[in-house]
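Student: Supplied structure: work.tsv, TSV, C-alpha atoms and all ligand atoms.
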chain	number	residue	atom	x	y	z
A	1	LEU	CA	-11.73	18.88	-24.57
A	2	LEU	CA	-14.83	16.67	-24.59
A	3	ASP	CA	-14.04	15.53	-28.15
A	4	GLN	CA	-10.53	14.66	-27.04
A	5	ALA	CA	-11.88	12.85	-23.97
A	6	GLN	CA	-14.21	10.78	-26.13
A	7	GLN	CA	-11.42	10.02	-28.55
A	8	ALA	CA	-9.16	8.90	-25.69
A	9	THR	CA	-11.96	6.70	-24.32
A	10	GLY	CA	-12.36	5.20	-27.80
A	11	GLU	CA	-8.67	4.41	-27.81
A	12	ASN	CA	-9.08	2.79	-24.38
A	13	ASN	CA	-6.89	5.44	-22.78
A	14	THR	CA	-9.12	5.88	-19.72
A	15	SER	CA	-6.41	7.69	-17.81
A	16	GLU	CA	-6.17	10.53	-20.33
A	17	ALA	CA	-9.94	10.51	-20.92
A	18	PHE	CA	-10.59	11.01	-17.22
A	19	GLN	CA	-8.16	13.91	-16.93
A	20	LEU	CA	-9.57	15.66	-20.03
A	21	LEU	CA	-13.04	15.18	-18.66
A	22	MET	CA	-12.17	16.78	-15.33
A	23	GLU	CA	-10.63	19.72	-17.20
A	24	ALA	CA	-13.73	20.06	-19.39
A	25	ASP	CA	-15.93	19.97	-16.29
A	26	GLN	CA	-14.08	23.00	-14.89
A	27	ARG	CA	-14.69	24.96	-18.11
A	28	ILE	CA	-18.38	24.03	-18.29
A	29	LEU	CA	-18.96	25.81	-14.96
A	30	GLY	CA	-18.32	29.11	-16.72
A	31	VAL	CA	-20.75	28.55	-19.62
A	32	GLU	CA	-23.73	30.98	-19.50
A	33	ASP	CA	-25.94	29.77	-22.36
A	34	SER	CA	-28.24	27.12	-20.85
A	35	HIS	CA	-28.72	25.07	-24.03
A	36	LYS	CA	-24.99	24.86	-24.61
A	37	LYS	CA	-24.48	24.14	-20.94
A	38	PHE	CA	-26.95	21.25	-21.05
A	39	ILE	CA	-25.29	19.75	-24.15
A	40	ASP	CA	-21.78	20.12	-22.70
A	41	ILE	CA	-22.70	18.57	-19.36
A	42	SER	CA	-24.53	15.68	-21.00
A	43	ILE	CA	-21.55	14.92	-23.23
A	44	ALA	CA	-19.33	15.06	-20.13
A	45	ALA	CA	-21.71	12.79	-18.20
A	46	GLU	CA	-21.89	10.33	-21.11
A	47	SER	CA	-18.09	10.29	-21.34
A	48	ALA	CA	-17.81	9.70	-17.59
A	49	ILE	CA	-20.30	6.82	-17.85
A	50	GLU	CA	-18.28	5.41	-20.74
A	51	ILE	CA	-15.14	5.54	-18.55
A	52	LEU	CA	-17.02	3.74	-15.76
A	53	LYS	CA	-17.94	0.99	-18.23
A	54	ARG	CA	-14.35	0.71	-19.43
A	55	ILE	CA	-13.04	0.25	-15.88
A	56	GLY	CA	-15.79	-2.23	-15.12
A	57	VAL	CA	-17.79	-0.17	-12.63
A	58	SER	CA	-21.58	0.00	-12.23
A	59	THR	CA	-23.14	2.97	-14.06
A	60	GLY	CA	-26.69	2.54	-12.69
A	61	GLU	CA	-27.24	5.78	-10.78
A	62	SER	CA	-25.59	8.11	-13.33
A	63	ALA	CA	-27.39	6.45	-16.24
A	64	ARG	CA	-30.73	6.81	-14.43
A	65	LEU	CA	-30.13	10.54	-13.78
A	66	LEU	CA	-29.08	11.08	-17.37
A	67	ALA	CA	-32.31	9.47	-18.62
A	68	LEU	CA	-34.32	11.67	-16.23
A	69	ALA	CA	-32.54	14.75	-17.56
A	70	ASP	CA	-33.49	13.81	-21.09
A	71	LEU	CA	-37.18	13.44	-20.13
A	72	GLU	CA	-37.14	16.72	-18.21
A	73	ARG	CA	-35.61	18.67	-21.10
A	74	ASP	CA	-38.95	19.18	-22.90
A	75	LYS	CA	-40.63	20.49	-19.73
A	76	ASP	CA	-38.11	22.43	-17.71
A	77	TYR	CA	-34.66	23.25	-19.02
A	78	ASP	CA	-33.25	24.36	-15.67
A	79	SER	CA	-34.22	21.19	-13.86
A	80	ALA	CA	-32.91	19.15	-16.83
A	81	ILE	CA	-29.54	20.86	-16.30
A	82	GLU	CA	-29.71	19.98	-12.61
A	83	PHE	CA	-30.34	16.30	-13.39
A	84	VAL	CA	-27.59	16.08	-15.95
A	85	ALA	CA	-25.16	17.82	-13.56
A	86	GLU	CA	-26.15	15.31	-10.88
A	87	ALA	CA	-25.50	12.48	-13.34
A	88	LEU	CA	-22.01	13.86	-13.95
A	89	ASP	CA	-21.35	14.31	-10.21
A	90	SER	CA	-22.54	10.80	-9.48
A	91	ALA	CA	-20.26	9.36	-12.19
A	92	LYS	CA	-17.35	11.43	-10.87
A	93	SER	CA	-17.82	10.34	-7.27
A	94	THR	CA	-18.20	6.72	-8.38
A	95	ILE	CA	-14.87	7.06	-10.17
A	96	GLU	CA	-13.32	8.70	-7.08
A	97	SER	CA	-14.59	5.93	-4.79
A	98	HIS	CA	-12.51	3.47	-6.80
A	99	SER	CA	-9.04	3.58	-5.45
A	100	PRO	CA	-6.22	1.35	-4.33
A	101	ASN	CA	-5.52	1.32	-0.59
A	102	ILE	CA	-2.25	-0.16	0.59
A	103	THR	CA	-1.57	-1.46	4.09
A	104	GLY	CA	0.88	-4.02	5.31
A	105	THR	CA	3.00	-5.57	8.00
A	106	ILE	CA	6.69	-5.37	8.83
A	107	ASP	CA	8.68	-8.31	10.11
A	108	SER	CA	12.38	-8.83	10.74
A	109	PRO	CA	13.56	-12.43	11.08
A	110	GLY	CA	16.91	-11.70	12.75
A	111	LEU	CA	18.71	-8.44	12.25
A	112	GLN	CA	22.05	-7.63	13.79
A	113	GLU	CA	23.55	-4.22	14.48
A	114	ASP	CA	26.02	-3.05	11.81
A	115	ALA	CA	25.35	-6.12	9.66
A	116	GLU	CA	23.32	-6.34	6.48
A	117	GLY	CA	20.00	-8.12	6.98
A	118	ASP	CA	16.47	-8.51	5.65
A	119	VAL	CA	13.24	-6.79	6.57
A	120	ASP	CA	10.15	-8.60	5.30
A	121	ILE	CA	7.40	-6.21	4.30
A	122	THR	CA	4.05	-7.61	3.26
A	123	LEU	CA	2.04	-5.09	1.26
A	124	LYS	CA	-1.68	-5.63	0.80
A	125	ASN	CA	-4.04	-3.75	-1.49
A	126	ILE	CA	-7.29	-3.51	0.50
A	127	GLY	CA	-8.72	-1.03	-2.02
A	128	ASN	CA	-10.95	-1.90	-4.94
A	129	VAL	CA	-8.75	-1.22	-7.97
A	130	LEU	CA	-5.28	-2.10	-9.19
A	131	ALA	CA	-2.34	-0.17	-7.72
A	132	LYS	CA	0.44	0.31	-10.23
A	133	GLU	CA	4.00	1.65	-10.17
A	134	ILE	CA	4.33	1.03	-6.44
A	135	THR	CA	7.41	2.49	-4.76
A	136	MET	CA	8.62	2.03	-1.21
A	137	GLN	CA	10.99	4.08	0.94
A	138	LEU	CA	12.23	2.95	4.35
A	139	SER	CA	13.34	5.29	7.11
A	140	GLY	CA	14.71	4.71	10.60
A	141	GLN	CA	18.01	4.16	12.41
A	142	PHE	CA	19.50	2.16	9.59
A	143	GLU	CA	20.87	2.43	6.12
A	144	ALA	CA	18.69	1.06	3.35
A	145	VAL	CA	20.87	-1.03	1.06
A	146	ASP	CA	18.47	-1.37	-1.83
A	147	ALA	CA	15.01	-0.19	-2.82
A	148	PRO	CA	13.09	-3.25	-3.98
A	149	ARG	CA	11.04	-3.01	-7.15
A	150	ILE	CA	7.42	-3.90	-6.66
A	151	GLY	CA	5.33	-3.23	-9.78
A	152	SER	CA	1.56	-3.62	-9.50
A	153	LEU	CA	-0.79	-5.05	-6.91
A	154	ASN	CA	-4.33	-6.25	-7.66
A	155	PRO	CA	-7.11	-5.45	-5.19
A	156	GLY	CA	-7.39	-8.08	-2.46
A	157	THR	CA	-3.90	-9.45	-3.05
A	158	ASP	CA	-0.66	-9.09	-1.15
A	159	ILE	CA	3.01	-9.33	-1.92
A	160	LEU	CA	6.08	-10.03	0.20
A	161	VAL	CA	8.88	-7.57	-0.40
A	162	ARG	CA	12.29	-8.14	1.11
A	163	ALA	CA	14.34	-5.01	1.82
A	164	ARG	CA	17.98	-5.13	2.86
A	165	ILE	CA	19.14	-2.77	5.59
A	166	VAL	CA	22.11	-2.21	7.88
A	167	PRO	CA	20.84	-1.26	11.38
A	168	HIS	CA	22.87	1.40	13.22
A	169	ALA	CA	21.51	0.52	16.65
A	170	SER	CA	20.12	-2.47	18.53
A	171	GLY	CA	16.88	-3.19	20.36
A	172	GLU	CA	13.37	-2.48	19.13
A	173	LEU	CA	13.84	0.08	16.37
A	174	PRO	CA	10.91	1.98	14.88
A	175	ILE	CA	10.70	1.74	11.12
A	176	ARG	CA	8.57	3.74	8.71
A	177	VAL	CA	7.72	2.70	5.18
A	178	ASN	CA	6.47	5.38	2.80
A	179	ILE	CA	4.59	3.89	-0.10
A	180	THR	CA	3.43	5.58	-3.27
A	181	CYS	CA	1.38	4.10	-6.07
A	182	LYS	CA	-0.72	5.17	-9.01
A	183	ARG	CA	-4.36	4.41	-9.57
A	184	HIS	CA	-4.43	2.30	-12.71
A	185	PHE	CA	-7.17	4.04	-14.68
A	186	ASP	CA	-6.10	7.66	-14.38
A	187	GLY	CA	-2.58	7.50	-12.98
A	188	SER	CA	-3.39	9.68	-9.95
A	189	LEU	CA	-0.68	9.45	-7.30
A	190	LEU	CA	-1.49	8.11	-3.83
A	191	ASN	CA	0.61	8.02	-0.65
A	192	PHE	CA	0.48	5.55	2.23
A	193	GLU	CA	2.48	5.13	5.42
A	194	LEU	CA	3.33	1.99	7.30
A	195	ASP	CA	4.80	2.05	10.81
A	196	GLY	CA	6.36	-0.87	12.59
A	197	LYS	CA	9.25	-2.08	14.69
A	198	VAL	CA	12.18	-4.31	13.92
A	199	SER	CA	14.17	-6.07	16.60
A	200	VAL	CA	17.90	-5.83	16.17
A	201	PHE	CA	20.46	-7.85	18.11
A	202	SER	CA	23.51	-6.01	19.35
A	203	ALA	CA	26.76	-6.28	17.47
A	204	GLY	CA	29.23	-8.94	18.53
A	205	PRO	CA	29.40	-12.72	18.44
A	206	PRO	CA	26.08	-14.57	17.94
A	207	TYR	CA	26.66	-16.51	21.19
A	208	THR	CA	29.27	-16.91	23.90
A	209	ILE	CA	30.31	-19.81	26.13
A	210	GLY	CA	30.97	-19.04	29.79
A	211	ARG	CA	29.97	-19.79	33.34
A	212	ALA	CA	26.71	-18.70	34.93
A	213	THR	CA	27.27	-15.93	37.48
A	214	GLU	CA	23.82	-16.40	39.02
A	215	THR	CA	21.04	-18.97	39.05
A	216	THR	CA	18.99	-18.84	35.87
A	217	LYS	CA	16.76	-21.05	33.69
A	218	CYS	CA	17.80	-23.06	30.63
A	219	ALA	CA	15.87	-21.99	27.54
A	220	HIS	CA	16.02	-25.54	26.16
A	221	CYS	CA	15.17	-27.90	29.05
A	222	GLN	CA	13.60	-25.28	31.33
A	223	GLY	CA	15.79	-26.70	34.11
A	224	ARG	CA	17.74	-24.73	36.64
A	225	VAL	CA	21.17	-23.39	35.71
A	226	LYS	CA	23.14	-22.98	38.91
A	227	SER	CA	25.82	-20.38	39.34
A	228	GLY	CA	29.13	-21.72	38.06
A	229	PHE	CA	27.59	-24.08	35.45
A	230	GLU	CA	28.94	-23.98	31.92
A	231	ILE	CA	26.41	-22.11	29.78
A	232	VAL	CA	25.86	-20.72	26.32
A	233	THR	CA	24.51	-17.16	26.25
A	234	CYS	CA	22.78	-16.43	22.97
A	235	ARG	CA	22.69	-12.99	21.29
A	236	CYS	CA	18.97	-12.88	22.09
A	237	GLY	CA	19.73	-12.99	25.79
A	238	SER	CA	18.71	-16.58	26.50
A	239	ASN	CA	20.93	-18.94	28.49
A	240	LEU	CA	21.27	-22.68	27.87
A	241	HIS	CA	23.18	-25.45	29.59
A	242	LEU	CA	26.23	-26.05	27.40
A	243	THR	CA	25.17	-29.72	27.11
A	244	CYS	CA	21.65	-28.66	26.04
A	245	ALA	CA	23.08	-26.25	23.45
A	246	LYS	CA	25.26	-29.04	22.05
A	247	ARG	CA	22.31	-31.44	21.93
A	248	THR	CA	19.82	-29.07	20.26
A	249	GLY	CA	22.26	-27.23	17.97
A	250	GLN	CA	20.18	-24.05	17.90
A	251	CYS	CA	18.60	-21.46	20.16
A	252	PRO	CA	14.95	-22.31	20.93
A	253	VAL	CA	14.12	-18.59	21.20
A	254	CYS	CA	15.72	-16.98	18.13
A	255	SER	CA	16.88	-20.00	16.08
A	256	GLN	CA	20.52	-18.94	16.14
A	257	LYS	CA	22.58	-21.97	15.08
A	258	PHE	CA	25.25	-23.25	17.50
A	259	SER	CA	28.36	-25.09	16.37
A	260	PHE	CA	30.95	-26.34	18.84
B	1	ZN	ZN	19.15	-27.27	29.71
B	2	ZN	ZN	18.81	-16.94	20.90
Translate the structure described by the file into structure tokens.

Tutor:
Amino acid sequence: LLDQAQQATGENNTSEAFQLLMEADQRILGVEDSHKKFIDISIAAESAIEILKRIGVSTGESARLLALADLERDKDYDSAIEFVAEALDSAKSTIESHSPNITGTIDSPGLQEDAEGDVDITLKNIGNVLAKEITMQLSGQFEAVDAPRIGSLNPGTDILVRARIVPHASGELPIRVNITCKRHFDGSLLNFELDGKVSVFSAGPPYTIGRATETTKCAHCQGRVKSGFEIVTCRCGSNLHLTCAKRTGQCPVCSQKFSF
């Protein structure tokens, strides 16, 4: 297994090398002969350090422990084994501490019940290594029209993904995004969850023209709208003087366009 791991490292296949190494590490635990054990663990530790170098990670602590183990070997075999095992553990935990971590935000510019619309999802990799083969699944009171393809995300970068959905209700709807990705150097699968809300306008016309039934405020000029005035009621709930709506051409609250 260690030979195979070294070969894979030589071929720059760090993913396979890492997995072989972890398998070898499990087997080494069962080895009784202390000389053989020392040799096996040092090969494993050297391979792990080699993987760290390949993925561009500091090898300082593991390399130091490995050197100590070598010095100790002439004096005390048991403590040499302890040092070399520590070197391997240190390399392993350094590898494990390198992981993608995906967070994000959810935003909906203007969804309407029973109509296809966009949800803007910004994914950000706040981890320290590349996330690859990212997938995203949306769940909530809506039908997801398509699952956008994402690809990879470098650490410290973000990406805007636009998902199309058909909401089955209106109001503030909770939305959950389940994200999976693979760590680039060993392909291990990671899961993340993103929770948010999307606001959905009720079905029906985007705005109506009518007469105010009570005194209210115009969303455009902030002036009083007396009962009986001609008004435009937008899908977002705001009221405007009809003359103001004609002048401005769009809702100041939700940007719905008016055409008369
Ligand atoms: Zn007005
Ligand atoms: Zn509006």

Student: For ligand ZN 2 (chain B), return the neighbouring residues as a compact mmCIF listing (two decimals) with C-alpha atoms, in the coordinates of the input (distance at most 10 Å; all atoms listed in the file).

Tutor:
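Below you can see out.txt, which holds the result:
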# COMPACT_ATOMS: atom_id res chain seq x y z
CA GLY A 110 16.91 -11.70 12.75
CA PHE A 201 20.46 -7.85 18.11
CA PRO A 206 26.08 -14.57 17.94
CA TYR A 207 26.66 -16.51 21.19
CA ALA A 219 15.87 -21.99 27.54
CA VAL A 232 25.86 -20.72 26.32
CA THR A 233 24.51 -17.16 26.25
CA CYS A 234 22.78 -16.43 22.97
CA ARG A 235 22.69 -12.99 21.29
CA CYS A 236 18.97 -12.88 22.09
CA GLY A 237 19.73 -12.99 25.79
CA SER A 238 18.71 -16.58 26.50
CA ASN A 239 20.93 -18.94 28.49
CA LEU A 240 21.27 -22.68 27.87
CA GLN A 250 20.18 -24.05 17.90
CA CYS A 251 18.60 -21.46 20.16
CA PRO A 252 14.95 -22.31 20.93
CA VAL A 253 14.12 -18.59 21.20
CA CYS A 254 15.72 -16.98 18.13
CA SER A 255 16.88 -20.00 16.08
CA GLN A 256 20.52 -18.94 16.14
CA LYS A 257 22.58 -21.97 15.08
CA PHE A 258 25.25 -23.25 17.50

Student: For the contact check between chain A and ligand ZN 1 (chain B), emit one row per residue of chain A within 10 Å, containing the shortest atom pair and the distance in Å rounded to one decimal, counting only C-alpha atoms and all ligand atoms, chain then rising number order, as CSV.

Tutor:
residue,atom,partner,partner_atom,distance
A:Lys217,CA,B:ZN1,ZN,7.8
A:Cys218,CA,B:ZN1,ZN,4.5
A:Ala219,CA,B:ZN1,ZN,6.6
A:His220,CA,B:ZN1,ZN,5.0
A:Cys221,CA,B:ZN1,ZN,4.1
A:Gln222,CA,B:ZN1,ZN,6.1
A:Gly223,CA,B:ZN1,ZN,5.6
A:Arg224,CA,B:ZN1,ZN,7.5
A:Val225,CA,B:ZN1,ZN,7.4
A:Ile231,CA,B:ZN1,ZN,8.9
A:Val232,CA,B:ZN1,ZN,10.0
A:Asn239,CA,B:ZN1,ZN,8.6
A:Leu240,CA,B:ZN1,ZN,5.4
A:His241,CA,B:ZN1,ZN,4.4
A:Leu242,CA,B:ZN1,ZN,7.5
A:Thr243,CA,B:ZN1,ZN,7.0
A:Cys244,CA,B:ZN1,ZN,4.7
A:Ala245,CA,B:ZN1,ZN,7.5
A:Lys246,CA,B:ZN1,ZN,10.0
A:Arg247,CA,B:ZN1,ZN,9.4
A:Thr248,CA,B:ZN1,ZN,9.6

Student: So that I can check the surroundings of stretch 52-62 of chain A, please list as a VMD selection string every protein, DNA and RNA residue that reaches within 7 Å of it, counting all atoms listed in the file and ignoring chain neighbours fewer than 4 positions away.

Tutor: chain A and resid 48 66 87 to 88 90 to 91 95

Student: Could you pull the residues within 12 Å of A:Ile81, counting only C-alpha atoms, minus those fewer than 3 positions along the same chain, as a PyMOL selection string?

Tutor: chain A and resi 28-29+33-42+45+65-78+84-88

Student: Go through A:Pro205, A:Gly140, A:Gly151, A:Pro109 and flag the residue nearest A:Cys181, using only C-alpha atoms for the distances.

Tutor: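 Counting only C-alpha atoms, the residue closest to A:Cys181 is A:Gly151.
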
Student: For each of A:Ala144, A:Ile209, A:Leu138, A:Ile121, take the minimum atom-to-atom distance to A:Asp158, counting all atoms listed in the file, then give the residue where this is smallest.

Tutor: A:Ile121

Student: For each of A:Ser79, A:Thr122, A:Ser93, A:Ser170, take the minimum atom-to-atom distance to A:Ile106, counting only C-alpha atoms, then give the residue where this is smallest.

Tutor: A:Thr122

Student: What is the distance between atom CA of A:Pro148 and atom CA of A:Asp120, in Å to one decimal?

Tutor: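 Computing it gives 11.1 Å between the two atoms.
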
Student: Considering only C-alpha atoms, state which residue in the set A:Glu46, A:Pro174, A:Asp186, A:Ala169 is at the smallest distance from A:Ala17.

Tutor: A:Asp186

Student: Quick one, how far is atom CA of A:Leu111 from atom CA of A:Gln137?

Tutor: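 We find that atom CA of A:Leu111 and atom CA of A:Gln137 lie 18.6 Å from each other.
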
Student: Considering only C-alpha atoms, return as number ranges by chain whatever protein or nucleic-acid residues lie within 12 Å of A:Leu189, sequence-local ones (same chain, fewer than 5 positions apart) excluded.

Tutor: A: 99-101, 131-135, 179-184

Student: Enter the distance from atom CA of A:Ile165 to atom CA of A:Thr208, in Å, rounded to one decimal.

Tutor: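 So the two atoms, atom CA of A:Ile165 and atom CA of A:Thr208, lie 25.3 Å apart.
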
Student: Since the input lacks atoms, please generate N, CA, C and O atoms for stretch 35-49 of chain A and provide them as an mmCIF file, in the frame of the given file.

Tutor:
data_model
loop_
_atom_site.group_PDB
_atom_site.id
_atom_site.type_symbol
_atom_site.label_atom_id
_atom_site.label_comp_id
_atom_site.auth_asym_id
_atom_site.auth_seq_id
_atom_site.Cartn_x
_atom_site.Cartn_y
_atom_site.Cartn_z
ATOM 1 N N HIS A 35 -28.663 26.191 -23.088
ATOM 2 C CA HIS A 35 -28.720 25.070 -24.030
ATOM 3 C C HIS A 35 -27.337 24.453 -24.200
ATOM 4 O O HIS A 35 -27.149 23.246 -24.073
ATOM 5 N N LYS A 36 -26.365 25.338 -24.423
ATOM 6 C CA LYS A 36 -24.990 24.860 -24.610
ATOM 7 C C LYS A 36 -24.502 24.150 -23.347
ATOM 8 O O LYS A 36 -23.841 23.116 -23.413
ATOM 9 N N LYS A 37 -24.886 24.722 -22.212
ATOM 10 C CA LYS A 37 -24.480 24.140 -20.940
ATOM 11 C C LYS A 37 -25.033 22.711 -20.801
ATOM 12 O O LYS A 37 -24.319 21.784 -20.432
ATOM 13 N N PHE A 38 -26.329 22.573 -21.153
ATOM 14 C CA PHE A 38 -26.950 21.250 -21.050
ATOM 15 C C PHE A 38 -26.211 20.240 -21.939
ATOM 16 O O PHE A 38 -25.868 19.141 -21.510
ATOM 17 N N ILE A 39 -25.960 20.652 -23.197
ATOM 18 C CA ILE A 39 -25.290 19.750 -24.150
ATOM 19 C C ILE A 39 -23.905 19.363 -23.630
ATOM 20 O O ILE A 39 -23.539 18.188 -23.595
ATOM 21 N N ASP A 40 -23.146 20.385 -23.182
ATOM 22 C CA ASP A 40 -21.780 20.120 -22.700
ATOM 23 C C ASP A 40 -21.788 19.158 -21.511
ATOM 24 O O ASP A 40 -21.013 18.199 -21.467
ATOM 25 N N ILE A 41 -22.687 19.445 -20.550
ATOM 26 C CA ILE A 41 -22.700 18.570 -19.360
ATOM 27 C C ILE A 41 -23.135 17.163 -19.737
ATOM 28 O O ILE A 41 -22.590 16.187 -19.231
ATOM 29 N N SER A 42 -24.130 17.053 -20.670
ATOM 30 C CA SER A 42 -24.530 15.680 -21.000
ATOM 31 C C SER A 42 -23.422 14.921 -21.710
ATOM 32 O O SER A 42 -23.239 13.728 -21.460
ATOM 33 N N ILE A 43 -22.676 15.621 -22.577
ATOM 34 C CA ILE A 43 -21.550 14.920 -23.230
ATOM 35 C C ILE A 43 -20.543 14.481 -22.167
ATOM 36 O O ILE A 43 -20.056 13.349 -22.181
ATOM 37 N N ALA A 44 -20.275 15.392 -21.203
ATOM 38 C CA ALA A 44 -19.330 15.060 -20.130
ATOM 39 C C ALA A 44 -19.832 13.866 -19.329
ATOM 40 O O ALA A 44 -19.078 12.936 -19.021
ATOM 41 N N ALA A 45 -21.143 13.888 -18.989
ATOM 42 C CA ALA A 45 -21.710 12.790 -18.200
ATOM 43 C C ALA A 45 -21.645 11.480 -18.980
ATOM 44 O O ALA A 45 -21.289 10.432 -18.429
ATOM 45 N N GLU A 46 -21.964 11.544 -20.289
ATOM 46 C CA GLU A 46 -21.890 10.330 -21.110
ATOM 47 C C GLU A 46 -20.456 9.797 -21.166
ATOM 48 O O GLU A 46 -20.229 8.591 -21.084
ATOM 49 N N SER A 47 -19.498 10.724 -21.309
ATOM 50 C CA SER A 47 -18.090 10.290 -21.340
ATOM 51 C C SER A 47 -17.697 9.644 -20.025
ATOM 52 O O SER A 47 -17.002 8.631 -20.000
ATOM 53 N N ALA A 48 -18.150 10.253 -18.905
ATOM 54 C CA ALA A 48 -17.810 9.700 -17.590
ATOM 55 C C ALA A 48 -18.406 8.305 -17.439
ATOM 56 O O ALA A 48 -17.756 7.388 -16.931
ATOM 57 N N ILE A 49 -19.657 8.138 -17.923
ATOM 58 C CA ILE A 49 -20.300 6.820 -17.850
ATOM 59 C C ILE A 49 -19.536 5.810 -18.702
ATOM 60 O O ILE A 49 -19.340 4.659 -18.311
#
